[in-house]
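S.K.: There's a structure below that I have some questions on.
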Amino acid sequence: MAYLMIVDDDEDFASAAAKALRADGHEVRIELETAAALKAMGERRPELVVLDVMFPENSAAGFDLARTMRHEHPELKDMPVLMLTAVNAQFPLGFSSRDIDDVWLPVDEFLEKPVNLDLLRSKVSALLARQAPVRSGK
Amino acid sequence: MPEISPAAMATYDLPLSAAGRPPAHAAGSEAFGYLPESLLVGNAVWFCRLRWLVIGILTAFGLLNLVPGLFLRIGLRPQPVWPFVVAAILSVANLGFLAHARRLGRADARDGGKANLWAQILVDLAVLTVVVHYVGSLETNVAFAYLFHIVLACIFFPRAPSFAITAIACALYTGCVVLEETGVLGLAGIYADSALRRLIDRTSAAWLVNVGWAILTWAVVAYLTAHLSGMVRRRDGELAETNRLLVQAQNERTQHMLRTTHELKAPFSAIHANVQLLLKGFYGPITAETRDILQRIAARCDRLGTEIKEMLQLANLESKTQAPLPRVALDVAEVLRRCVAQVRPTAEARGVAIDENLQAATAEAVEDHITMLFANLLANAVNYSNPGGHIRVECTPGSGDGPEVTIEDQGIGIPPDKLPRIFDPYYRTVEAVQHNKESTGLGLAIVRQAAEANAVRVRVASAPGVGTRFTLKLPPAAKPDSSLQSET
């Protein structure tokens with residue numbers, strides 16, 4: 001069981017997703033904006049982040065947070081990020097290529113909204129299982 | 001309530017959008033301004049090419065002068081020197097103009113075309129005055145050659161410079177005649193017998209009438225040409241501006257649609273997620289009736305989810321503001337195989353069989369577009385088939401003109417008069433709605449956009465009650481991958 005963080009400005013969705021993930025025994029913290037999420041990650045490092053892309057003041061805030069984690073915070077560098085969007089290199093949705101370039105943003109998994117909660121749970125489990133050897137090795 | 005002092009208030013002026021701005025200063029000023037630099041440079045090169053023709057004619061004229069007795073036999077005075085001198089001067093000047101214009105073209109310069117054209121016209125007018133003097137300023141019509149430059153200047157230049165060029169032409173011609181009439185320049189007409197010129201000179205009003213009439217003609221031609229050219233350029237500018245606004249509006253509309261659809265996803269995702277929680281019993285057991293209602297909500301959520309996804313796909317395909325995706329050599333059979341695998345569970349659930357005959361074939365296209373295209377056609381084939389029906393999916397490499405893909409069903413078919421409309425967004429035939437109420441009406445619109453973006457030719461043949469066959473001709477890959485040539 002793991003400590004997870006959901007970063008999404010939609011509290012209703014975040015609560016529903018958290019409910020489903022808690023049913024699998026995970027401890028889940030919800031953050032509604034990215035700056036607070038980064039601060040909370042500094043206080044206690046989650047083992048996985050479920051991250052939305054678009055936030056009210058910045059339509060690419062999710063990308064910005066992931067990039068900050070990857071490039072400016074060594075302790076968060078390897079944390080799995082499950083991005084809640086259909087946005088990818090094939091469907092850029094108006095985001096710049098800098099936002100979605102794999103070099104800039106090596107997110108681990110995408111999951112399109114509306115989210116199938118069973119799929120969310122299985123993807124989270126798979127990502128945590130992939131991380132498990134790393135964690136046990138530390 | 002305490003009043004806030006104006007100094008303490010932050011202000012912000014809402015900028016007007018393009019649609020709210022006063023229309024097109026550019027279009028209005030274009031009519032009275034110079035043409036764009038690229039056009040000026042293009043015309044400078046074109047002038048130079050025309051000038052080689054003039055140089056050729058002058059040289060030929062000079063050579064004919066050298067044929068003994070030829071000119072005298074037809075009543076002309078041999079003038080063997082000036083045609084060669086003028087041709088040489090024009091050649092040197094032309095080489096200079098051409099080199100300058102080409103340098104401007106290569107450097108993508110923002111200025112210089114105007115100066116080049118001005119220099120060309122001034123040199124031409126000076127050289128033409130020399131020619132007019134030697135051919136005969138009053139006894140021949142050669143002076144009307146000034147009109148070529150006047151008309152071209154009026155077409156390419158704004159009104160004031162073109163009138164200035166007209167004035168320079170008039171001054172040069174008048175100066176030439178005056179210098180001849182006052183004896184500063186000796187008479188040098190082309191006719192062997194100078195009686196005609198002497199007669200004109202003896203009639204004091206003749207040269208004034210000739211020069212006056214020529215100048216009047218040039219002035220009228222210049223005015224008419226400048227006026228008409230201005231109208232055409234103004235109209236041209238207005239059309240260009242309208243086109244720009246239309247393209248911008250289309251892009252803004254697509255971006256707005258993308259954002260709106262994306263925004264709709266947020267509340268919808270929350271509804272969808274909470275319904276799933278209730279259905280899965282996260283909040284305790286529910287009655288059969290509640291479950292039935294929740295399942296209906298979930299089903300509508302699934303349909304709305306599909307619709308939002310298709311709207312986003314369509315808006316992305318229509319969007320012109322994003323950089324085009326790379327076209328790659330694509331294993332068409334493999335893409336088809338993946339798409340068939342996706343729809344097969346649904347087909348089996350409906351009792352519909354899918355027969356595959358997929359030969360290796362390589363096309364050059366955007367993989368995701370082609371995947372969307374196939375997925376939508378296959379989904380339609382499954383959705384509009386009857387239980388027990390067969391779907392034939394075939395891929396052949398084609399005869400050098402690109403792979404050919406056929407997706408054929410034995411479903412409800414499409415009435416012939418409705419075929420032209422099936423690719424319109426949200427269009428659904430009555431028969432289609434009766435057979436499958438879940439359709440969004442966007443699938444074939446996505447097919448059209450994906451086909452257009454990848455130059456895929458689509459042919460549909462259908463008969464009600466018999467079935468529908470889509471035949472696709474994909475663009476061939478530039479360099480076919482030899483590893484894909486063997487049949488799979």
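Starting from 1 in every chain, residues are counted up; chains themselves are A, B, ... following the order of the structure tokens, and ligands are numbered from 1 as listed.
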At a cut-off of 12 Å, using only C-alpha atoms, what residues contact segment 38-42 of chain A? Leave out same-chain residues fewer than 3 positions from it and give the result as a VMD selection string.

M.R.: chain A and resid 3 to 7 29 to 35 45 to 49 51 61 to 62 64 to 70 72 to 77 79

S.K.: Using the chain letters and numbers from this document, which residues of segment 94-185 of chain B does DSSP assign to alpha helix (DSSP H), as a ChimeraX atom specification?

M.R.: /B:94-107,113-135,146-156,159-181

S.K.: Would you list the contacts of Arg344 of chain B as a PDB file with N, CA and C atoms, in the first residue's frame, taking every protein, DNA or RNA residue within 9 Å and counting only C-alpha atoms, but skipping same-chain residues closer than 6 positions in sequence?

M.R.:
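Ended up saving to part37.pdb:
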```pdb
ATOM      1  N   VAL B 352     -21.494 -10.646 -35.455  1.00  0.00           N
ATOM      2  CA  VAL B 352     -20.984 -10.213 -36.761  1.00  0.00           C
ATOM      3  C   VAL B 352     -19.563 -10.747 -36.930  1.00  0.00           C
ATOM      4  N   ALA B 353     -19.308 -11.409 -38.068  1.00  0.00           N
ATOM      5  CA  ALA B 353     -17.978 -11.987 -38.317  1.00  0.00           C
ATOM      6  C   ALA B 353     -17.130 -11.004 -39.126  1.00  0.00           C
ATOM      7  N   ILE B 354     -15.850 -10.986 -38.826  1.00  0.00           N
ATOM      8  CA  ILE B 354     -14.936 -10.115 -39.593  1.00  0.00           C
ATOM      9  C   ILE B 354     -13.919 -11.005 -40.298  1.00  0.00           C
ATOM     10  N   VAL B 382     -19.385  -2.440 -38.060  1.00  0.00           N
ATOM     11  CA  VAL B 382     -19.927  -3.307 -37.003  1.00  0.00           C
ATOM     12  C   VAL B 382     -21.292  -2.792 -36.550  1.00  0.00           C
TER      13      VAL B 382
END
```

S.K.: Using only C-alpha atoms, find the one residue out of A:Glu112, A:Glu27, A:Asp78, A:Glu57 that sits nearest to chain B.

M.R.: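 Counting only C-alpha atoms, the residue closest to chain B is A:Glu112.
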
S.K.: Return as a CSV table (one decimal) with N, CA and C atoms, in the first residue's frame the residues belonging to chain B that are within 9 Å of chain A, counting only C-alpha atoms.

M.R.:
```
chain,number,residue,atom,x,y,z
B,255,GLN,N,-10.0,26.7,-31.9
B,255,GLN,CA,-9.3,26.7,-30.6
B,255,GLN,C,-10.4,26.9,-29.5
B,258,LEU,N,-12.0,23.6,-29.1
B,258,LEU,CA,-11.1,22.7,-28.3
B,258,LEU,C,-11.2,23.0,-26.8
B,259,ARG,N,-11.1,24.2,-26.5
B,259,ARG,CA,-11.1,24.6,-25.1
B,259,ARG,C,-12.4,24.3,-24.4
B,262,HIS,N,-12.9,20.7,-23.9
B,262,HIS,CA,-12.0,20.2,-22.9
B,262,HIS,C,-12.5,20.6,-21.5
B,263,GLU,N,-13.1,21.8,-21.4
B,263,GLU,CA,-13.6,22.3,-20.2
B,263,GLU,C,-14.8,21.5,-19.8
B,265,LYS,N,-15.2,18.5,-20.1
B,265,LYS,CA,-14.8,17.2,-19.6
B,265,LYS,C,-14.7,17.1,-18.1
B,266,ALA,N,-14.3,18.3,-17.5
B,266,ALA,CA,-14.0,18.3,-16.1
B,266,ALA,C,-15.3,17.9,-15.3
B,267,PRO,N,-16.4,18.7,-15.4
B,267,PRO,CA,-17.6,18.3,-14.6
B,267,PRO,C,-18.1,16.9,-15.0
B,268,PHE,N,-18.0,16.7,-16.3
B,268,PHE,CA,-18.5,15.4,-16.8
B,268,PHE,C,-17.7,14.2,-16.2
B,269,SER,N,-16.4,14.4,-16.0
B,269,SER,CA,-15.5,13.4,-15.4
B,269,SER,C,-15.9,13.1,-14.0
B,270,ALA,N,-16.3,14.2,-13.3
B,270,ALA,CA,-16.7,14.0,-11.9
B,270,ALA,C,-18.0,13.2,-11.8
B,271,ILE,N,-18.9,13.6,-12.7
B,271,ILE,CA,-20.2,12.8,-12.7
B,271,ILE,C,-19.9,11.4,-13.0
B,272,HIS,N,-19.2,11.1,-14.0
B,272,HIS,CA,-18.8,9.8,-14.4
B,272,HIS,C,-18.2,9.0,-13.3
B,273,ALA,N,-17.2,9.6,-12.6
B,273,ALA,CA,-16.5,8.9,-11.6
B,273,ALA,C,-17.4,8.6,-10.4
B,274,ASN,N,-18.3,9.5,-10.0
B,274,ASN,CA,-19.2,9.3,-8.9
B,274,ASN,C,-20.2,8.2,-9.2
B,276,GLN,N,-19.7,5.7,-11.1
B,276,GLN,CA,-19.0,4.5,-11.0
B,276,GLN,C,-18.8,4.0,-9.5
B,277,LEU,N,-18.6,5.0,-8.7
B,277,LEU,CA,-18.4,4.7,-7.2
B,277,LEU,C,-19.7,4.1,-6.7
B,282,PHE,N,-19.2,1.4,-3.6
B,282,PHE,CA,-18.3,2.0,-2.7
B,282,PHE,C,-19.0,2.7,-1.5
B,301,CYS,N,-23.2,8.5,-20.0
B,301,CYS,CA,-21.9,9.0,-19.7
B,301,CYS,C,-20.9,8.5,-20.7
B,302,ASP,N,-21.0,7.2,-21.0
B,302,ASP,CA,-20.1,6.5,-22.0
B,302,ASP,C,-20.3,7.2,-23.3
B,305,GLY,N,-19.0,10.6,-23.3
B,305,GLY,CA,-17.5,10.5,-23.3
B,305,GLY,C,-17.0,10.3,-24.8
B,309,LYS,N,-14.8,12.9,-27.0
B,309,LYS,CA,-13.5,12.4,-27.6
B,309,LYS,C,-13.5,12.6,-29.1
B,312,LEU,N,-13.2,16.3,-30.0
B,312,LEU,CA,-11.8,16.8,-29.8
B,312,LEU,C,-10.9,16.3,-31.0
B,313,GLN,N,-11.2,15.0,-31.4
B,313,GLN,CA,-10.4,14.5,-32.5
B,313,GLN,C,-10.7,15.3,-33.8
B,315,ALA,N,-11.9,18.5,-34.0
B,315,ALA,CA,-11.3,19.8,-33.8
B,315,ALA,C,-9.8,19.8,-34.0
B,316,ASN,N,-9.2,18.8,-33.5
B,316,ASN,CA,-7.7,18.7,-33.7
B,316,ASN,C,-7.4,18.5,-35.2
B,317,LEU,N,-8.1,17.7,-35.9
B,317,LEU,CA,-7.9,17.5,-37.3
B,317,LEU,C,-8.1,18.8,-38.1
B,319,SER,N,-7.9,21.8,-36.9
B,319,SER,CA,-7.1,23.0,-36.5
B,319,SER,C,-5.9,23.2,-37.4
B,321,THR,N,-3.7,25.7,-36.7
B,321,THR,CA,-2.7,26.5,-35.9
B,321,THR,C,-1.6,25.6,-35.4
B,322,GLN,N,-1.9,24.3,-35.4
B,322,GLN,CA,-0.9,23.4,-34.8
B,322,GLN,C,0.1,22.9,-35.9
B,323,ALA,N,1.3,22.7,-35.6
B,323,ALA,CA,2.3,22.2,-36.6
B,323,ALA,C,1.8,20.8,-37.1
B,325,LEU,N,1.6,17.1,-38.2
B,325,LEU,CA,2.2,15.9,-37.6
B,325,LEU,C,3.1,15.2,-38.8
B,367,GLU,N,0.3,8.3,-38.7
B,367,GLU,CA,-0.3,7.0,-38.2
B,367,GLU,C,-1.6,7.2,-37.4
B,368,ASP,N,-1.6,8.2,-36.6
B,368,ASP,CA,-2.8,8.4,-35.8
B,368,ASP,C,-4.0,8.8,-36.6
B,369,HIS,N,-3.8,9.5,-37.7
B,369,HIS,CA,-4.9,9.9,-38.6
B,369,HIS,C,-5.5,8.6,-39.2
```

S.K.: Please identify all polymer residues within 8 Å of segment 161-172 of chain B, counting only C-alpha atoms, omitting same-chain residues fewer than 3 positions from it, and present them as a CSV table (one decimal) with N, CA and C atoms, in the first residue's frame.

M.R.:
```csv
chain,number,residue,atom,x,y,z
B,125,LEU,N,14.4,55.6,-69.4
B,125,LEU,CA,13.9,56.8,-70.0
B,125,LEU,C,15.0,57.6,-70.6
B,126,ALA,N,16.2,57.6,-70.0
B,126,ALA,CA,17.3,58.4,-70.5
B,126,ALA,C,17.8,57.8,-71.9
B,129,THR,N,15.3,58.4,-74.6
B,129,THR,CA,15.4,59.7,-75.2
B,129,THR,C,16.5,59.8,-76.3
B,146,TYR,N,7.7,55.9,-74.8
B,146,TYR,CA,7.7,56.3,-73.4
B,146,TYR,C,6.4,55.7,-72.6
B,150,ILE,N,5.5,54.5,-68.7
B,150,ILE,CA,4.5,55.2,-68.0
B,150,ILE,C,3.5,54.2,-67.4
B,153,ALA,N,4.9,51.9,-64.7
B,153,ALA,CA,5.1,52.6,-63.5
B,153,ALA,C,3.8,52.8,-62.8
B,154,CYS,N,2.7,53.1,-63.6
B,154,CYS,CA,1.4,53.4,-63.0
B,154,CYS,C,0.8,52.1,-62.4
B,157,PHE,N,3.8,51.2,-59.3
B,157,PHE,CA,4.1,52.2,-58.3
B,157,PHE,C,2.8,52.9,-57.8
B,158,PRO,N,2.9,53.5,-56.6
B,158,PRO,CA,1.8,54.4,-56.1
B,158,PRO,C,1.6,55.6,-57.1
B,175,GLY,N,12.5,68.3,-73.7
B,175,GLY,CA,13.9,68.7,-73.8
B,175,GLY,C,14.6,68.3,-75.0
B,176,CYS,N,14.4,67.1,-75.5
B,176,CYS,CA,15.0,66.6,-76.7
B,176,CYS,C,14.6,67.4,-77.9
B,215,ILE,N,2.2,64.7,-75.0
B,215,ILE,CA,2.2,64.8,-73.5
B,215,ILE,C,0.8,64.7,-72.9
B,218,TRP,N,-0.1,61.0,-72.9
B,218,TRP,CA,0.6,60.3,-71.8
B,218,TRP,C,0.0,60.6,-70.5
B,219,ALA,N,-0.4,61.9,-70.3
B,219,ALA,CA,-1.0,62.3,-69.0
B,219,ALA,C,-2.3,61.5,-68.8
B,222,ALA,N,-1.7,57.9,-68.1
B,222,ALA,CA,-1.1,57.7,-66.8
B,222,ALA,C,-2.2,57.8,-65.7
B,223,TYR,N,-3.1,58.8,-65.9
B,223,TYR,CA,-4.2,59.0,-64.9
B,223,TYR,C,-5.1,57.8,-64.9
B,226,ALA,N,-3.3,54.7,-63.5
B,226,ALA,CA,-3.1,54.8,-62.1
B,226,ALA,C,-4.4,54.6,-61.3
```

S.K.: Quick one: pull the distance between atom CA of Asn43 of chain B and atom CA of Leu117 of chain B, Å, one decimal.

M.R.: 8.1 Å

S.K.: So what do you get for atom CA of Glu364 of chain B versus atom CA of Pro397 of chain B, distance-wise?

M.R.: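 Separation between atom CA of Glu364 of chain B and atom CA of Pro397 of chain B: 12.5 Å.
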
S.K.: Go through A:Arg22, A:Arg130, A:Lys123, A:Arg44 one by one, measure the shortest atom-to-atom distance of each to Leu84 of chain A using only C-alpha atoms, and give the residue with the smallest value.

M.R.: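 Checking each candidate against Leu84 of chain A, we get A:Lys123 as the closest.
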
S.K.: In Å, how far is it from atom CA of Ser385 of chain B to atom CA of Arg350 of chain B?

M.R.: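 Atom CA of Ser385 of chain B sits 8.6 Å away from atom CA of Arg350 of chain B.
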
S.K.: Point out the residue among A:Arg121, A:Asn58, A:Asp52, A:Met1 with the least atom-to-atom distance to Ala18 of chain A, counting only C-alpha atoms.

M.R.: A:Arg121

S.K.: Taking 3 positions as the minimum chain separation for residues in the same chain, which residues sit within 12 Å of Ala375 of chain B when counting only C-alpha atoms? Answer as a PyMOL selection string.

M.R.: chain B and resi 310+335-344+367-372+378-383+393+407+443-444+446-447+450

S.K.: How would the residues just chosen look if you wrote them out with C-alpha atoms as a PDB file, in the first residue's frame?

M.R.:
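Result file again_32.pdb:
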```pdb
ATOM      1  CA  GLU B 310     -14.704  12.514 -31.232  1.00  0.00           C
ATOM      2  CA  VAL B 335      -2.650  -0.664 -38.422  1.00  0.00           C
ATOM      3  CA  LEU B 336      -5.729  -2.393 -39.830  1.00  0.00           C
ATOM      4  CA  ARG B 337      -4.992  -5.510 -37.769  1.00  0.00           C
ATOM      5  CA  ARG B 338      -4.872  -3.424 -34.566  1.00  0.00           C
ATOM      6  CA  CYS B 339      -8.110  -1.626 -35.433  1.00  0.00           C
ATOM      7  CA  VAL B 340      -9.889  -4.889 -36.238  1.00  0.00           C
ATOM      8  CA  ALA B 341      -8.724  -6.318 -32.900  1.00  0.00           C
ATOM      9  CA  GLN B 342     -10.311  -3.330 -31.158  1.00  0.00           C
ATOM     10  CA  VAL B 343     -13.751  -3.785 -32.726  1.00  0.00           C
ATOM     11  CA  ARG B 344     -13.774  -7.595 -32.786  1.00  0.00           C
ATOM     12  CA  GLU B 367      -0.255   7.018 -38.165  1.00  0.00           C
ATOM     13  CA  ASP B 368      -2.828   8.401 -35.759  1.00  0.00           C
ATOM     14  CA  HIS B 369      -4.922   9.862 -38.559  1.00  0.00           C
ATOM     15  CA  ILE B 370      -4.992   6.565 -40.413  1.00  0.00           C
ATOM     16  CA  THR B 371      -5.776   4.704 -37.198  1.00  0.00           C
ATOM     17  CA  MET B 372      -8.724   7.046 -36.561  1.00  0.00           C
ATOM     18  CA  LEU B 378     -14.703  -0.448 -38.880  1.00  0.00           C
ATOM     19  CA  ALA B 379     -16.872   0.746 -35.984  1.00  0.00           C
ATOM     20  CA  ASN B 380     -19.505   1.841 -38.502  1.00  0.00           C
ATOM     21  CA  ALA B 381     -19.309  -1.495 -40.302  1.00  0.00           C
ATOM     22  CA  VAL B 382     -19.927  -3.307 -37.003  1.00  0.00           C
ATOM     23  CA  ASN B 383     -22.595  -0.904 -35.755  1.00  0.00           C
ATOM     24  CA  VAL B 393     -11.487  -6.159 -44.488  1.00  0.00           C
ATOM     25  CA  ILE B 407     -13.958  -2.331 -45.682  1.00  0.00           C
ATOM     26  CA  GLY B 443     -17.268   9.288 -37.229  1.00  0.00           C
ATOM     27  CA  LEU B 444     -17.391   9.895 -40.968  1.00  0.00           C
ATOM     28  CA  ILE B 446     -13.377  12.430 -38.789  1.00  0.00           C
ATOM     29  CA  VAL B 447     -12.817  10.033 -41.697  1.00  0.00           C
ATOM     30  CA  ALA B 450      -8.184  12.373 -41.742  1.00  0.00           C
TER      31      ALA B 450
END
```

S.K.: Run DSSP on the backbone and tell me which residues of segment 359-408 of chain B come out as strand (DSSP E); list them as a VMD selection string.

M.R.: chain B and resid 362 to 365 390 to 396 404 to 408

S.K.: Pull N, CA and C atoms from the residues just selected and write them as a PDB file, in the first residue's frame.

M.R.:
```pdb
ATOM      1  N   THR B 362       2.749  -0.526 -47.754  1.00  0.00           N
ATOM      2  CA  THR B 362       3.294   0.628 -47.033  1.00  0.00           C
ATOM      3  C   THR B 362       2.738   1.924 -47.624  1.00  0.00           C
ATOM      4  N   ALA B 363       2.235   2.758 -46.744  1.00  0.00           N
ATOM      5  CA  ALA B 363       1.740   4.074 -47.174  1.00  0.00           C
ATOM      6  C   ALA B 363       2.522   5.147 -46.441  1.00  0.00           C
ATOM      7  N   GLU B 364       2.458   6.358 -46.972  1.00  0.00           N
ATOM      8  CA  GLU B 364       3.083   7.477 -46.261  1.00  0.00           C
ATOM      9  C   GLU B 364       1.970   8.336 -45.679  1.00  0.00           C
ATOM     10  N   ALA B 365       1.857   8.327 -44.375  1.00  0.00           N
ATOM     11  CA  ALA B 365       0.742   9.035 -43.744  1.00  0.00           C
ATOM     12  C   ALA B 365       1.033   9.227 -42.261  1.00  0.00           C
ATOM     13  N   HIS B 390     -21.437 -10.425 -42.255  1.00  0.00           N
ATOM     14  CA  HIS B 390     -19.990 -10.550 -42.415  1.00  0.00           C
ATOM     15  C   HIS B 390     -19.407  -9.191 -42.788  1.00  0.00           C
ATOM     16  N   ILE B 391     -18.223  -8.950 -42.285  1.00  0.00           N
ATOM     17  CA  ILE B 391     -17.490  -7.735 -42.681  1.00  0.00           C
ATOM     18  C   ILE B 391     -16.198  -8.203 -43.346  1.00  0.00           C
ATOM     19  N   ARG B 392     -15.926  -7.664 -44.519  1.00  0.00           N
ATOM     20  CA  ARG B 392     -14.693  -8.042 -45.228  1.00  0.00           C
ATOM     21  C   ARG B 392     -13.709  -6.877 -45.118  1.00  0.00           C
ATOM     22  N   VAL B 393     -12.538  -7.179 -44.599  1.00  0.00           N
ATOM     23  CA  VAL B 393     -11.487  -6.159 -44.488  1.00  0.00           C
ATOM     24  C   VAL B 393     -10.306  -6.625 -45.332  1.00  0.00           C
ATOM     25  N   GLU B 394      -9.969  -5.843 -46.336  1.00  0.00           N
ATOM     26  CA  GLU B 394      -8.927  -6.270 -47.272  1.00  0.00           C
ATOM     27  C   GLU B 394      -7.901  -5.161 -47.452  1.00  0.00           C
ATOM     28  N   CYS B 395      -6.653  -5.571 -47.557  1.00  0.00           N
ATOM     29  CA  CYS B 395      -5.585  -4.600 -47.831  1.00  0.00           C
ATOM     30  C   CYS B 395      -4.674  -5.192 -48.899  1.00  0.00           C
ATOM     31  N   THR B 396      -4.464  -4.444 -49.974  1.00  0.00           N
ATOM     32  CA  THR B 396      -3.546  -4.899 -51.029  1.00  0.00           C
ATOM     33  C   THR B 396      -2.533  -3.788 -51.291  1.00  0.00           C
ATOM     34  N   GLU B 404      -4.343  -0.204 -51.271  1.00  0.00           N
ATOM     35  CA  GLU B 404      -5.794  -0.075 -51.378  1.00  0.00           C
ATOM     36  C   GLU B 404      -6.427  -0.877 -50.251  1.00  0.00           C
ATOM     37  N   VAL B 405      -7.327  -0.224 -49.536  1.00  0.00           N
ATOM     38  CA  VAL B 405      -7.992  -0.867 -48.399  1.00  0.00           C
ATOM     39  C   VAL B 405      -9.488  -0.902 -48.666  1.00  0.00           C
ATOM     40  N   THR B 406     -10.094  -2.057 -48.431  1.00  0.00           N
ATOM     41  CA  THR B 406     -11.542  -2.184 -48.606  1.00  0.00           C
ATOM     42  C   THR B 406     -12.155  -2.632 -47.286  1.00  0.00           C
ATOM     43  N   ILE B 407     -13.198  -1.933 -46.871  1.00  0.00           N
ATOM     44  CA  ILE B 407     -13.958  -2.331 -45.682  1.00  0.00           C
ATOM     45  C   ILE B 407     -15.411  -2.436 -46.131  1.00  0.00           C
ATOM     46  N   GLU B 408     -15.920  -3.659 -46.160  1.00  0.00           N
ATOM     47  CA  GLU B 408     -17.233  -3.896 -46.744  1.00  0.00           C
ATOM     48  C   GLU B 408     -18.118  -4.632 -45.748  1.00  0.00           C
TER      49      GLU B 408
END
```
